[in-house]
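Peer 1: Below you will find the structure I want to go over with you.
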Amino acid sequence: MPTTDSSGASIHYNLVGEGPTLLMLMGFGVDQTGWILQVPWLSKHFQCVLVDNRGIGRSEAPAGPYSMAQMVQDSLSVLDVCGIEKAHVLGLSMGGMIALNLALSHADRVDGLILACTTAHLGAFGEETIAAVGQRVGLDLRVEDPNELADVDMEAVAQELVALSFSDAMLQQSGALIDNLVTQALQWMPTPQVLHAQYAAIREHNVSDHLGTITKRTLVMTAELDQLIPPSHGEHLAAHIPHAELLRFDSAGHAINFERPKEFNQAVRHFLCP
């Protein structure tokens, strides 16, 4: 199991495929298996670098709160131990926030940049969403002390997060797939304390004033029916990152890599290897 030490945590990663390097950063509370519909295809064209964010999957879970700076360093530590100087970076949701911070703080390590269903700053919308989810499943990530998050039904949390990640049509038409995703989610679902630690990083993430300094070729993807990060956030990114391209996925929810995997994968390849 390949790991590297980074800022007090052992970070698990995998290398799959050959070609230009593609660092793949997954979202809140999800390990690298969140790319299960991407890796078999993308690894035919890229060397995919898959990272379990701190606290998730096989990476260690030090006490929180976590920061974007820490998770950027986790990604850099993986690149360093693999001897990779520069990589294309693909980030989804929270992974896109990490990717943005990486591109801003270590532009020399980034080639192409793909930001999927993510934001420069979640702001009040994020607070309201977290509050609503917390009321429904008894997981209020806004509390100061993570030890208050006891006796949380993590199966209910997994079901809620999966339901919020897909369009109604996907939920209705692919019941067996959704049930399987919930079952898989329970296998890698972190503790409430880890979710609290990661949410701290999301909460403090705000790069709105720095988007104009990003000089990398950038593709922004949005999902029309995204309940977690509305498409207006991606449109803001595309409008303020110089020369960024915007790709809209109509009638799709937040997890566009699951809901529209073929289109997603092809968009990644075509943008990075025109």
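Chain labels A, B, ... are given in the sequence in which chains occur in the structure tokens; within each chain residues are numbered consecutively from 1, and ligands are likewise numbered from 1 in the order shown.
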Residues of region 34-216 of chain A classed as helix (DSSP H, G or I) by DSSP on the backbone are to be reported as a VMD selection string.

Peer 2: chain A and resid 34 to 35 39 to 42 68 to 81 94 to 105 107 to 109 123 to 137 146 to 148 154 to 165 168 to 173 175 to 188 192 to 204 208 to 213

Peer 1: Per residue of region 23-115 of chain A within 7 Å of region 201-219 of chain A, note the shortest atom pair and the distance in Å to one decimal, counting only C-alpha atoms, and order the rows by chain and increasing residue number, as a tab-separated table.

Peer 2:
residue	atom	partner	partner_atom	distance
A:Tyr66	CA	A:Ala201	CA	5.4
A:Ser67	CA	A:Ala201	CA	4.3
A:Met68	CA	A:Ala201	CA	5.3
A:Met94	CA	A:Ile202	CA	6.9
A:Ala103	CA	A:Ile214	CA	7.0
A:Leu104	CA	A:Ile214	CA	6.4
A:Asp111	CA	A:Lys216	CA	6.5
A:Gly112	CA	A:Arg217	CA	5.2
A:Leu113	CA	A:Thr218	CA	4.7
A:Ile114	CA	A:Leu219	CA	4.8
A:Leu115	CA	A:Leu219	CA	6.2

Peer 1: Would you write out those residues with C-alpha atoms, as a short mmCIF file (atom, residue, chain, number, x, y, z; two decimals), in the first residue's frame?

Peer 2:
data_model
loop_
_atom_site.label_atom_id
_atom_site.label_comp_id
_atom_site.auth_asym_id
_atom_site.auth_seq_id
_atom_site.Cartn_x
_atom_site.Cartn_y
_atom_site.Cartn_z
CA TYR A 66 -8.05 20.36 8.55
CA SER A 67 -7.11 23.17 6.17
CA MET A 68 -6.86 23.57 2.41
CA MET A 94 -13.95 19.66 -2.45
CA ALA A 103 -2.91 26.15 -8.77
CA LEU A 104 -2.67 29.42 -6.84
CA ASP A 111 -0.20 21.98 -16.12
CA GLY A 112 -3.87 21.82 -17.20
CA LEU A 113 -6.60 22.45 -14.60
CA ILE A 114 -10.08 20.91 -14.56
CA LEU A 115 -12.59 22.08 -11.95
#

Peer 1: Find the residues near Ser105 (chain A): any atom within 9 Å, counting only C-alpha atoms, skip ones fewer than 3 places away on the same chain, and give them as a PyMOL selection string.

Peer 2: chain A and resi 69+72+100-102+108

Peer 1: To one decimal place, how far is CA of Cys48 (chain A) from CA of Leu79 (chain A) in Å?

Peer 2: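 Interatomic distance, CA of Cys48 (chain A) to CA of Leu79 (chain A): 11.3 Å.
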
Peer 1: Do you know which residues are at most 10 Å from Ala169 (chain A) counting only C-alpha atoms, after dropping those on the same chain fewer than 6 positions away, and could you put them as a PyMOL selection string?

Peer 2: chain A and resi 251-253

Peer 1: Emit the selected residues as a PDB file, in the first residue's frame, including N, CA and C atoms.

Peer 2:
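Generated output (result-v8.pdb):
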ATOM      1  N   SER A 251     -29.332  18.636 -17.028  1.00  0.00           N
ATOM      2  CA  SER A 251     -30.153  17.583 -16.404  1.00  0.00           C
ATOM      3  C   SER A 251     -29.327  16.601 -15.573  1.00  0.00           C
ATOM      4  N   ALA A 252     -28.213  17.062 -15.006  1.00  0.00           N
ATOM      5  CA  ALA A 252     -27.357  16.192 -14.201  1.00  0.00           C
ATOM      6  C   ALA A 252     -27.183  16.773 -12.805  1.00  0.00           C
ATOM      7  N   GLY A 253     -26.945  15.867 -11.845  1.00  0.00           N
ATOM      8  CA  GLY A 253     -26.685  16.285 -10.479  1.00  0.00           C
ATOM      9  C   GLY A 253     -25.200  16.446 -10.198  1.00  0.00           C
TER      10      GLY A 253
END

Peer 1: I want to know what sits within 12 Å of Val143 (chain A), based on only C-alpha atoms, with residues of the same chain fewer than 4 positions away left out; could you give that as a ChimeraX atom specification?

Peer 2: /A:65,127,130-131,134,138-139,147-150,192-193,195-197,199-200

Peer 1: So which one's closest to Ser93 (chain A), A:Ser165, A:Ser174, A:Arg248, A:Pro190? Using only C-alpha atoms, please.

Peer 2: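 Comparing A:Ser165, A:Ser174, A:Arg248, A:Pro190 against Ser93 (chain A), the winner is A:Ser165.
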
Peer 1: Let me make sure I understand: among A:His240, A:Met189, A:Ala9, A:Gln172, which one has the smallest atom-to-atom distance to Gly34 (chain A) if we use only C-alpha atoms?

Peer 2: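 Using only C-alpha atoms, the shortest distance to Gly34 (chain A) belongs to A:Met189.
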
Peer 1: Which of region 19-54 of chain A end up as strand (DSSP E) when DSSP is run on this backbone - answer as a ChimeraX atom specification?

Peer 2: /A:21-25,47-51

Peer 1: Write out the residues from the selection above, keeping C-alpha atoms, as a short mmCIF file (atom, residue, chain, number, x, y, z; two decimals), in the first residue's frame.

Peer 2:
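Below is the file that was written, out_4.cif:
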data_model
loop_
_atom_site.label_atom_id
_atom_site.label_comp_id
_atom_site.auth_asym_id
_atom_site.auth_seq_id
_atom_site.Cartn_x
_atom_site.Cartn_y
_atom_site.Cartn_z
CA THR A 21 0.31 12.70 -15.37
CA LEU A 22 -3.21 13.44 -14.11
CA LEU A 23 -3.62 14.16 -10.39
CA MET A 24 -7.20 13.29 -9.42
CA LEU A 25 -8.65 14.87 -6.28
CA GLN A 47 -0.82 8.20 -15.61
CA CYS A 48 -3.58 8.68 -13.02
CA VAL A 49 -2.42 9.71 -9.55
CA LEU A 50 -5.19 8.84 -7.10
CA VAL A 51 -5.09 10.31 -3.60
#

Peer 1: Which one of A:Pro40, A:Gly19, A:Gly96, A:Tyr13 sits closest to Lys262 (chain A) if you count only C-alpha atoms?

Peer 2: A:Pro40

Peer 1: Hey, what's within 12 Å of Thr33 (chain A) if we count only C-alpha atoms and toss same-chain stuff fewer than 5 positions away? As an mmCIF file with N, CA and C atoms, in the first residue's frame, please?

Peer 2:
data_model
loop_
_atom_site.group_PDB
_atom_site.id
_atom_site.type_symbol
_atom_site.label_atom_id
_atom_site.label_comp_id
_atom_site.auth_asym_id
_atom_site.auth_seq_id
_atom_site.Cartn_x
_atom_site.Cartn_y
_atom_site.Cartn_z
ATOM 1 N N TYR A 13 -1.956 6.654 -1.686
ATOM 2 C CA TYR A 13 -2.139 7.024 -3.082
ATOM 3 C C TYR A 13 -1.936 5.796 -3.962
ATOM 4 N N ASN A 14 -2.322 5.912 -5.217
ATOM 5 C CA ASN A 14 -2.092 4.872 -6.218
ATOM 6 C C ASN A 14 -1.738 5.516 -7.548
ATOM 7 N N MET A 24 -5.745 13.325 -9.540
ATOM 8 C CA MET A 24 -7.199 13.286 -9.418
ATOM 9 C C MET A 24 -7.592 13.442 -7.950
ATOM 10 N N LEU A 25 -8.310 14.508 -7.649
ATOM 11 C CA LEU A 25 -8.646 14.867 -6.275
ATOM 12 C C LEU A 25 -10.163 14.777 -6.071
ATOM 13 N N MET A 26 -10.567 13.908 -5.155
ATOM 14 C CA MET A 26 -11.971 13.603 -4.930
ATOM 15 C C MET A 26 -12.557 14.536 -3.869
ATOM 16 N N GLY A 27 -13.871 14.477 -3.722
ATOM 17 C CA GLY A 27 -14.595 15.413 -2.885
ATOM 18 C C GLY A 27 -14.765 15.011 -1.439
ATOM 19 N N GLN A 38 -13.963 6.435 -13.852
ATOM 20 C CA GLN A 38 -13.013 7.213 -14.650
ATOM 21 C C GLN A 38 -11.706 6.468 -14.900
ATOM 22 N N VAL A 39 -11.178 5.815 -13.874
ATOM 23 C CA VAL A 39 -9.822 5.265 -13.964
ATOM 24 C C VAL A 39 -9.652 4.229 -15.076
ATOM 25 N N PRO A 40 -10.575 3.282 -15.260
ATOM 26 C CA PRO A 40 -10.353 2.291 -16.331
ATOM 27 C C PRO A 40 -10.183 2.918 -17.711
ATOM 28 N N LEU A 50 -3.982 8.862 -7.921
ATOM 29 C CA LEU A 50 -5.192 8.845 -7.097
ATOM 30 C C LEU A 50 -4.812 9.029 -5.635
ATOM 31 N N VAL A 51 -5.446 9.961 -4.971
ATOM 32 C CA VAL A 51 -5.095 10.309 -3.601
ATOM 33 C C VAL A 51 -6.307 10.138 -2.694
ATOM 34 N N ASP A 52 -6.094 9.484 -1.555
ATOM 35 C CA ASP A 52 -7.101 9.516 -0.495
ATOM 36 C C ASP A 52 -6.819 10.754 0.351
ATOM 37 N N ASN A 53 -7.724 11.743 0.329
ATOM 38 C CA ASN A 53 -7.521 12.934 1.148
ATOM 39 C C ASN A 53 -7.384 12.561 2.617
ATOM 40 N N ILE A 56 -9.514 10.069 5.017
ATOM 41 C CA ILE A 56 -10.421 9.291 4.176
ATOM 42 C C ILE A 56 -9.716 8.047 3.655
ATOM 43 N N GLY A 57 -10.490 6.971 3.436
ATOM 44 C CA GLY A 57 -9.940 5.754 2.841
ATOM 45 C C GLY A 57 -8.818 5.184 3.689
ATOM 46 N N ARG A 58 -7.653 4.969 3.046
ATOM 47 C CA ARG A 58 -6.516 4.388 3.748
ATOM 48 C C ARG A 58 -5.527 5.428 4.251
ATOM 49 N N LEU A 181 -24.164 2.079 -4.360
ATOM 50 C CA LEU A 181 -23.298 3.186 -3.953
ATOM 51 C C LEU A 181 -23.402 3.439 -2.450
ATOM 52 N N GLN A 184 -21.412 0.733 -0.778
ATOM 53 C CA GLN A 184 -19.983 1.013 -0.889
ATOM 54 C C GLN A 184 -19.580 2.187 -0.006
ATOM 55 N N ALA A 185 -20.436 3.200 0.046
ATOM 56 C CA ALA A 185 -20.125 4.377 0.858
ATOM 57 C C ALA A 185 -19.937 4.006 2.317
ATOM 58 N N GLN A 187 -18.644 1.422 3.437
ATOM 59 C CA GLN A 187 -17.358 0.757 3.627
ATOM 60 C C GLN A 187 -16.228 1.755 3.815
ATOM 61 N N TRP A 188 -16.325 2.931 3.160
ATOM 62 C CA TRP A 188 -15.268 3.924 3.314
ATOM 63 C C TRP A 188 -15.708 5.162 4.091
ATOM 64 N N MET A 189 -16.962 5.153 4.561
ATOM 65 C CA MET A 189 -17.480 6.338 5.248
ATOM 66 C C MET A 189 -16.636 6.659 6.475
ATOM 67 N N ASN A 257 -19.529 12.740 -12.595
ATOM 68 C CA ASN A 257 -18.625 11.655 -13.004
ATOM 69 C C ASN A 257 -19.306 10.296 -12.899
ATOM 70 N N PHE A 258 -20.339 10.175 -12.079
ATOM 71 C CA PHE A 258 -21.131 8.948 -11.992
ATOM 72 C C PHE A 258 -22.346 9.011 -12.911
#

Peer 1: For region 156-164 of chain A, list every protein, DNA or RNA residue within 7 Å, evaluated using only C-alpha atoms, and leave out those in the same chain fewer than 3 positions away; present the list as a ChimeraX atom specification.

Peer 2: /A:137,153,182,185-186,227-228

Peer 1: Just checking: using only C-alpha atoms, which residue out of A:Gly29, A:Gly55, A:His12, A:Phe264 ends up closest to Ser77 (chain A)?

Peer 2: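 Counting only C-alpha atoms, the residue closest to Ser77 (chain A) is A:His12.
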
Peer 1: Measure the distance from CA of Phe125 (chain A) to CA of Leu141 (chain A) in Å and round it to one decimal.

Peer 2: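 The value is 14.3 Å.
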
Peer 1: Interatomic distance between CA of Ala99 (chain A) and CA of Glu60 (chain A)?

Peer 2: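 CA of Glu60 (chain A) lies 20.6 Å from CA of Ala99 (chain A).
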
Peer 1: Go through A:Ala116, A:Ala61, A:Ile11, A:Val194 and flag the residue nearest Pro231 (chain A), using only C-alpha atoms for the distances.

Peer 2: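 Using only C-alpha atoms, the shortest distance to Pro231 (chain A) belongs to A:Ala116.
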